Amino acid sequence: MTELLKISLPDGSVREMEPGSTPGDVAAAIGPGLAKAAIAARVDGELRDINRPFEGDAELALVTSRDEEDALELARHDFAHVLAEAVQSLYPGTQITFGPATDDGFYYDVKAPADREPFSMDDLPDIEEEMRRIIKADKPLRREVWSRQQLIDKWEAEGEVFKAEWAKELPENEELTVYWSGEDWLDMCRGPHLASTGKLDPQAFKLTRVAGAYWRGDQNNPQLTRIYGTGWLNKKQLNAHLTRLEEAAKRDHRKLGREMDLFHLQEEAHGSVFWHPKGYRIWRELEAYMRRKMDKAGYREIKTPQLMDVRQWEQSGHWGKYAENMFAVPDMVPEVEELGDGPANPSVAPDADWMAIKPMNCPAHVLVFKQGITSYRDLPIRLGEMGCCHRNEPHGALHGLMRVRQFTQDDAHIFCTEEQVVEEVKAFIELADQVYRDFGFTYDVKLALRPEKRFGSDEDWDKAEQELRDAVAVSDMQGEGDGKLEELPGEGAFYAPKLEWHLTDAIGRTWQVGTIQGDRVLPDRLDASYVGEDGEKHRPVMLHRAIFGSYERFIGILIEHFAGRLPVWLAPVQAVVATIVSDADDYAKEAVARLEAAGIRVESDLRNEKINYKVREHSHAKVPHLLVVGNREAEEGTVAIRTLGEKEQRVMSLAEAIAMLKAEATPPDLREG
RNA sequence: GCUGCUGUAGCUCAGUGGUAGAGCGCACCCUUGGUAAGGGUGAGGCCGGGAGUUCAAUCCUCCCCAGCAGCACCA
């Protein structure tokens, strides 16, 4: 008699099962309810098909739709397969490639048959319908182990050149699997999958868009059509997600920037921002805030040149590694052909010297550090700059305020000794924590580790990475997310590992903003040194750091985070005094004068319009407080305050209103207590 | 940079092989009205830029530019 398998369950109990039995059998043995609810299994921690037989004794945890993360992952993966099957069923000759799950759904990269245009949005409804048909048919998804040669033969026979290429590169010794959908379609896949297509909710997905994507993510390869979908466990979840997308569109900083008259962009300066008075007001408030923070933290602010001779950039290494993203200008007045009003035709002498506009501030800061002789007693030296940089970004990457060609960083470089690194990083982590909390963000910190292409010895990298880990361990952070330090292998800069701050905004999106990087390369290349206690020259470590990242991007994030309803201290216009009748004009003017005297950014609205109209307009403009005055208020010396987002008005004396606004308009770092 | 789509009034968008329309906004007039659109009149456009086809191009074709979505990139 064969030996029974010992299957241990999460509650500690052990069940004996026949060899060849599956997690599904265990579920059935426990009860019919569970048998119905179980959609997959974790066997010794690995997510597996519910119907895949055990290979020996095992620890089993059954997965139901309550294990949302696993369930979503499975469902999305299945949706991707159903999508591929649907496309091939509708359009024979379509090649399929890859189709993974994403954060909110799934996609599949396909190549349309040669005699057909690439797929477009217009094809999506048909594909969706076919997917629903496949789901309704409840086709079993069956795992089968194939040899590599079997796979290659199949794909080659079917003209699936991408799949065949991939199969050829699969490792010889690994168990290769395919999944059948019913008896008529299969895809190469590691799995796991749900037991059948019918486990999916046909109302819980939606194909959202098509886009170009390169085969294996390399732009030298053929371009495929990527069909995106969003997929969920049920219709309710799908609808909630679609609502969230609508909410994100409403908050789009490009739309709000125009509506609130904050800034504009135009093609003559694409990728650079025209800040309007109201938008620049936000900038100035942020800048003043950051200056106070940095002054207090022992930074000294400097200002360095926009243009430097390219030889300087050669020495720093940027001209070699970064030239394609840099703007260069000839160090001469270009000859311009006289063509009247016609197009100018400037030419540059072949022997002209070239200068480059700075794409970053670090080399200039090293040059400041190098002036004179620095003693170890002077360290650390923290040099800060609101540094305006230009980078010639790929045009397709430009995006509103989030990705621009001209931007200003809240940049600083800390020059310190090896021994001071952890302490300086710790101080920075705590400074960043205060700042992000002042804006109401939570965040995650991630550690980007050495990339493949890098400068410096492995020893230095070991040290630099460990310093950052140590600093995180000893730092006091309150505004953080789950508190775990996620490490990102290969994501560091070529000269340094970096800590990255990823903010989470009001609707759950994340944005990378702050960073600190421990650099031993640039001080060496630019020969920066200090005199140590021993009288010898030593290399300082250079910490690159920023908290906002760039003003442009940070303002974009703030606009979206607050949906335009900025906190009063940042609001370009903090209050509007609006009259109901012109008899109240004089009182309104007096109120404005007193508010201005108290430092409030206030405007008056004495126009011959109804109060309804004024309320509507200033609400759209996202003015935090509307102070309404009519005859009653003028007589009593009061104002009727309508606060953005509230339905009820509050009547209070003008003096009380001023005190309240003044308190709200105080930046968070200047508040008492 | 790549693929696809788009470019018409300040904004949002209709439209046509015979040089153009709406709503909002703006200006002026009437209205002085108590918390999200009072009424009327009017001004405003090289239909993204260049070339081609045509008797005729905002519309068709090609090239360029910019924007959008995705990809790639992101020190």
# chains A, B, ... in the order shown; residues from 1 in each chain; ligands from 1
>>> interface_residues(of="chain B", to="chain A", cutoff="6 Å", atoms="only C-alpha atoms (C1' of nucleotides)", output="MDAnalysis selection string")
chainID B and resid 3 32:33 35:36 66 70:71 75
>>> residues_around(residues="stretch 9-19 of chain B", least_positions_apart="6", cutoff="7 Å", atoms="only C-alpha atoms (C1' of nucleotides)", output="PyMOL selection string")
chain B and resi 44-45+56-57+59
>>> atom_distance(atom1="atom CA of A:Gly24", atom2="atom CA of A:Asp44")
15.4 Å
>>> residues_around(residues="B:G52", least_positions_apart="3", cutoff="12 Å", atoms="only C-alpha atoms (C1' of nucleotides)", output="number ranges by chain")
B: 57, 60-63
>>> write_last_selection(atoms="N, CA, C and O atoms (P, O5', C5', C4', C3', O3' and C1' of nucleotides)", output="short mmCIF file (atom, residue, chain, number, x, y, z; two decimals), in the first residue's frame")
data_model
loop_
_atom_site.label_atom_id
_atom_site.label_comp_id
_atom_site.auth_asym_id
_atom_site.auth_seq_id
_atom_site.Cartn_x
_atom_site.Cartn_y
_atom_site.Cartn_z
P A B 57 -6.58 76.98 -52.75
"O5'" A B 57 -7.27 77.05 -51.33
"C5'" A B 57 -8.57 76.53 -51.07
"C4'" A B 57 -8.55 75.87 -49.72
"C3'" A B 57 -7.22 75.96 -48.98
"O3'" A B 57 -7.48 75.93 -47.58
"C1'" A B 57 -7.68 73.71 -49.44
P C B 60 -8.99 66.03 -44.41
"O5'" C B 60 -8.52 65.66 -45.90
"C5'" C B 60 -9.23 64.71 -46.68
"C4'" C B 60 -8.44 64.40 -47.93
"C3'" C B 60 -6.95 64.21 -47.71
"O3'" C B 60 -6.65 62.89 -47.30
"C1'" C B 60 -7.27 65.68 -49.53
P U B 61 -5.39 62.60 -46.39
"O5'" U B 61 -4.17 62.75 -47.40
"C5'" U B 61 -4.00 61.83 -48.47
"C4'" U B 61 -2.69 62.14 -49.18
"C3'" U B 61 -1.51 62.35 -48.25
"O3'" U B 61 -0.91 61.13 -47.88
"C1'" U B 61 -1.59 64.12 -49.81
P C B 62 -0.12 61.03 -46.49
"O5'" C B 62 1.23 61.83 -46.80
"C5'" C B 62 2.19 61.32 -47.73
"C4'" C B 62 3.30 62.32 -47.91
"C3'" C B 62 3.97 62.80 -46.62
"O3'" C B 62 4.94 61.88 -46.16
"C1'" C B 62 3.48 64.67 -47.96
P C B 63 5.29 61.87 -44.59
"O5'" C B 63 6.14 63.20 -44.38
"C5'" C B 63 7.44 63.34 -44.95
"C4'" C B 63 7.96 64.74 -44.71
"C3'" C B 63 8.00 65.18 -43.25
"O3'" C B 63 9.14 64.70 -42.57
"C1'" C B 63 7.03 66.89 -44.55
#
>>> select_by_dssp(residues="stretch 431-524 of chain A", states="strand (DSSP E)", output="list in words")
Thr442, Tyr443, Asp444, Val445, Lys446, Leu447, Ala448, Glu486, Glu487, Leu488, Lys498, Leu499, Glu500, Trp501, His502, Leu503, Thr504, Thr510, Trp511, Gln512, Val513, Gly514, Thr515, Ile516, Gln517, Gly518 and Asp519 of chain A
>>> closest_residue(among="B:G7, B:C29, B:G67, B:A22", to="B:G49", atoms="only C-alpha atoms (C1' of nucleotides)")
B:G7
>>> residues_around(residues="A:Tyr530", least_positions_apart="3", cutoff="6 Å", atoms="only C-alpha atoms (C1' of nucleotides)", output="list of chain:residue names")
A:Thr374, A:Ser375, A:Lys537, A:His538
>>> write_last_selection(atoms="all heavy atoms", output="short mmCIF file (atom, residue, chain, number, x, y, z; two decimals), in the first residue's frame")
data_model
loop_
_atom_site.label_atom_id
_atom_site.label_comp_id
_atom_site.auth_asym_id
_atom_site.auth_seq_id
_atom_site.Cartn_x
_atom_site.Cartn_y
_atom_site.Cartn_z
N THR A 374 40.33 73.63 3.04
CA THR A 374 39.33 73.25 4.04
C THR A 374 39.94 72.31 5.08
O THR A 374 40.62 71.35 4.71
CB THR A 374 38.14 72.56 3.36
OG1 THR A 374 37.63 73.44 2.36
CG2 THR A 374 37.06 72.23 4.35
N SER A 375 39.72 72.62 6.33
CA SER A 375 40.19 71.76 7.41
C SER A 375 39.10 70.77 7.80
O SER A 375 37.91 71.06 7.62
CB SER A 375 40.55 72.62 8.61
OG SER A 375 40.50 71.84 9.80
N LYS A 537 46.11 65.35 3.07
CA LYS A 537 44.89 65.59 2.29
C LYS A 537 44.00 64.35 2.33
O LYS A 537 44.49 63.21 2.24
CB LYS A 537 45.26 65.83 0.83
CG LYS A 537 45.70 67.23 0.52
CD LYS A 537 45.84 67.35 -1.00
CE LYS A 537 46.10 68.78 -1.43
NZ LYS A 537 46.13 68.89 -2.90
N HIS A 538 42.69 64.57 2.46
CA HIS A 538 41.73 63.46 2.42
C HIS A 538 40.59 63.83 1.49
O HIS A 538 40.30 65.01 1.30
CB HIS A 538 41.17 63.18 3.82
CG HIS A 538 42.20 62.73 4.79
ND1 HIS A 538 42.55 61.43 4.96
CD2 HIS A 538 42.98 63.46 5.64
CE1 HIS A 538 43.50 61.34 5.89
NE2 HIS A 538 43.78 62.56 6.31
#
>>> select_by_dssp(residues="stretch 562-605 of chain A", states="helix (DSSP H, G or I)", output="PyMOL selection string")
chain A and resi 582-597
>>> write_last_selection(atoms="all heavy atoms", output="compact mmCIF listing (two decimals), in the first residue's frame")
# COMPACT_ATOMS: atom_id res chain seq x y z
N SER A 582 -23.95 97.30 -3.73
CA SER A 582 -22.87 98.27 -3.84
C SER A 582 -22.81 99.21 -2.63
O SER A 582 -21.80 99.85 -2.39
CB SER A 582 -22.99 99.06 -5.14
OG SER A 582 -24.30 99.56 -5.27
N ASP A 583 -23.90 99.26 -1.84
CA ASP A 583 -23.87 100.06 -0.62
C ASP A 583 -22.81 99.57 0.35
O ASP A 583 -22.36 100.30 1.22
CB ASP A 583 -25.23 100.01 0.09
CG ASP A 583 -26.26 100.83 -0.67
OD1 ASP A 583 -25.83 101.62 -1.54
OD2 ASP A 583 -27.47 100.65 -0.41
N ALA A 584 -22.40 98.28 0.20
CA ALA A 584 -21.42 97.72 1.13
C ALA A 584 -19.99 97.89 0.62
O ALA A 584 -19.04 97.41 1.24
CB ALA A 584 -21.72 96.24 1.36
N ASP A 585 -19.81 98.57 -0.52
CA ASP A 585 -18.47 98.68 -1.12
C ASP A 585 -17.44 99.28 -0.16
O ASP A 585 -16.32 98.77 -0.04
CB ASP A 585 -18.52 99.54 -2.39
CG ASP A 585 -19.12 98.77 -3.56
OD1 ASP A 585 -19.56 97.62 -3.35
OD2 ASP A 585 -19.16 99.32 -4.67
N ASP A 586 -17.83 100.36 0.50
CA ASP A 586 -16.86 101.03 1.37
C ASP A 586 -16.42 100.12 2.51
O ASP A 586 -15.24 100.05 2.85
CB ASP A 586 -17.45 102.33 1.94
CG ASP A 586 -17.52 103.41 0.86
OD1 ASP A 586 -16.81 103.23 -0.16
OD2 ASP A 586 -18.29 104.37 1.03
N TYR A 587 -17.40 99.41 3.06
CA TYR A 587 -17.07 98.48 4.15
C TYR A 587 -16.16 97.37 3.64
O TYR A 587 -15.19 96.97 4.30
CB TYR A 587 -18.35 97.89 4.76
CG TYR A 587 -18.08 96.89 5.84
CD1 TYR A 587 -17.45 97.27 7.03
CD2 TYR A 587 -18.44 95.55 5.68
CE1 TYR A 587 -17.19 96.34 8.03
CE2 TYR A 587 -18.19 94.61 6.67
CZ TYR A 587 -17.57 95.02 7.85
OH TYR A 587 -17.31 94.09 8.83
N ALA A 588 -16.45 96.87 2.43
CA ALA A 588 -15.63 95.82 1.83
C ALA A 588 -14.20 96.31 1.66
O ALA A 588 -13.23 95.59 1.96
CB ALA A 588 -16.20 95.37 0.50
N LYS A 589 -14.05 97.53 1.19
CA LYS A 589 -12.70 98.07 0.99
C LYS A 589 -11.96 98.17 2.31
O LYS A 589 -10.76 97.88 2.39
CB LYS A 589 -12.78 99.46 0.33
CG LYS A 589 -13.14 99.38 -1.15
CD LYS A 589 -13.26 100.78 -1.74
CE LYS A 589 -13.95 100.73 -3.09
NZ LYS A 589 -14.44 102.08 -3.50
N GLU A 590 -12.68 98.56 3.34
CA GLU A 590 -12.06 98.66 4.66
C GLU A 590 -11.61 97.28 5.14
O GLU A 590 -10.51 97.11 5.65
CB GLU A 590 -13.07 99.26 5.65
CG GLU A 590 -12.48 99.52 7.02
CD GLU A 590 -13.58 99.63 8.09
OE1 GLU A 590 -14.69 100.08 7.76
OE2 GLU A 590 -13.31 99.23 9.25
N ALA A 591 -12.48 96.30 4.93
CA ALA A 591 -12.15 94.94 5.35
C ALA A 591 -10.90 94.45 4.62
O ALA A 591 -9.99 93.87 5.22
CB ALA A 591 -13.33 94.00 5.07
N VAL A 592 -10.84 94.71 3.32
CA VAL A 592 -9.68 94.29 2.53
C VAL A 592 -8.42 94.96 3.07
O VAL A 592 -7.38 94.31 3.25
CB VAL A 592 -9.89 94.62 1.03
CG1 VAL A 592 -8.57 94.51 0.28
CG2 VAL A 592 -10.93 93.69 0.43
N ALA A 593 -8.51 96.24 3.35
CA ALA A 593 -7.34 96.97 3.85
C ALA A 593 -6.85 96.37 5.16
O ALA A 593 -5.64 96.19 5.37
CB ALA A 593 -7.68 98.45 4.03
N ARG A 594 -7.78 96.03 6.02
CA ARG A 594 -7.37 95.47 7.33
C ARG A 594 -6.78 94.08 7.18
O ARG A 594 -5.84 93.71 7.87
CB ARG A 594 -8.55 95.48 8.30
CG ARG A 594 -8.85 96.92 8.77
CD ARG A 594 -9.99 96.99 9.73
NE ARG A 594 -9.80 96.13 10.91
CZ ARG A 594 -10.73 95.93 11.85
NH1 ARG A 594 -11.91 96.50 11.72
NH2 ARG A 594 -10.48 95.15 12.88
N LEU A 595 -7.37 93.29 6.27
CA LEU A 595 -6.83 91.95 6.03
C LEU A 595 -5.43 92.04 5.44
O LEU A 595 -4.52 91.30 5.81
CB LEU A 595 -7.76 91.16 5.09
CG LEU A 595 -9.04 90.64 5.75
CD1 LEU A 595 -10.13 90.43 4.72
CD2 LEU A 595 -8.76 89.34 6.51
N GLU A 596 -5.27 92.96 4.49
CA GLU A 596 -3.94 93.14 3.89
C GLU A 596 -2.93 93.55 4.94
O GLU A 596 -1.80 93.06 4.95
CB GLU A 596 -4.00 94.21 2.79
CG GLU A 596 -4.35 93.62 1.44
CD GLU A 596 -4.54 94.68 0.36
OE1 GLU A 596 -4.57 95.89 0.69
OE2 GLU A 596 -4.68 94.28 -0.82
N ALA A 597 -3.36 94.45 5.82
CA ALA A 597 -2.45 94.91 6.87
C ALA A 597 -2.03 93.75 7.77
O ALA A 597 -0.94 93.75 8.33
CB ALA A 597 -3.12 96.01 7.69
>>> residues_around(residues="stretch 353-356 of chain A", least_positions_apart="5", cutoff="7 Å", atoms="only C-alpha atoms (C1' of nucleotides)", output="list in words")
Leu307, Met308, Asp309, Val310, Met326, Phe327, Ala328, Val329, Pro330 and Asp331 of chain A
>>> closest_residue(among="A:Glu664, A:Glu635, A:Glu73, A:Glu165", to="A:Asp104", atoms="only C-alpha atoms")
A:Glu73
>>> residues_around(residues="A:Pro23", least_positions_apart="6", cutoff="8 Å", atoms="only C-alpha atoms (C1' of nucleotides)", output="PyMOL selection string")
chain A and resi 40-41+50-54+60+62
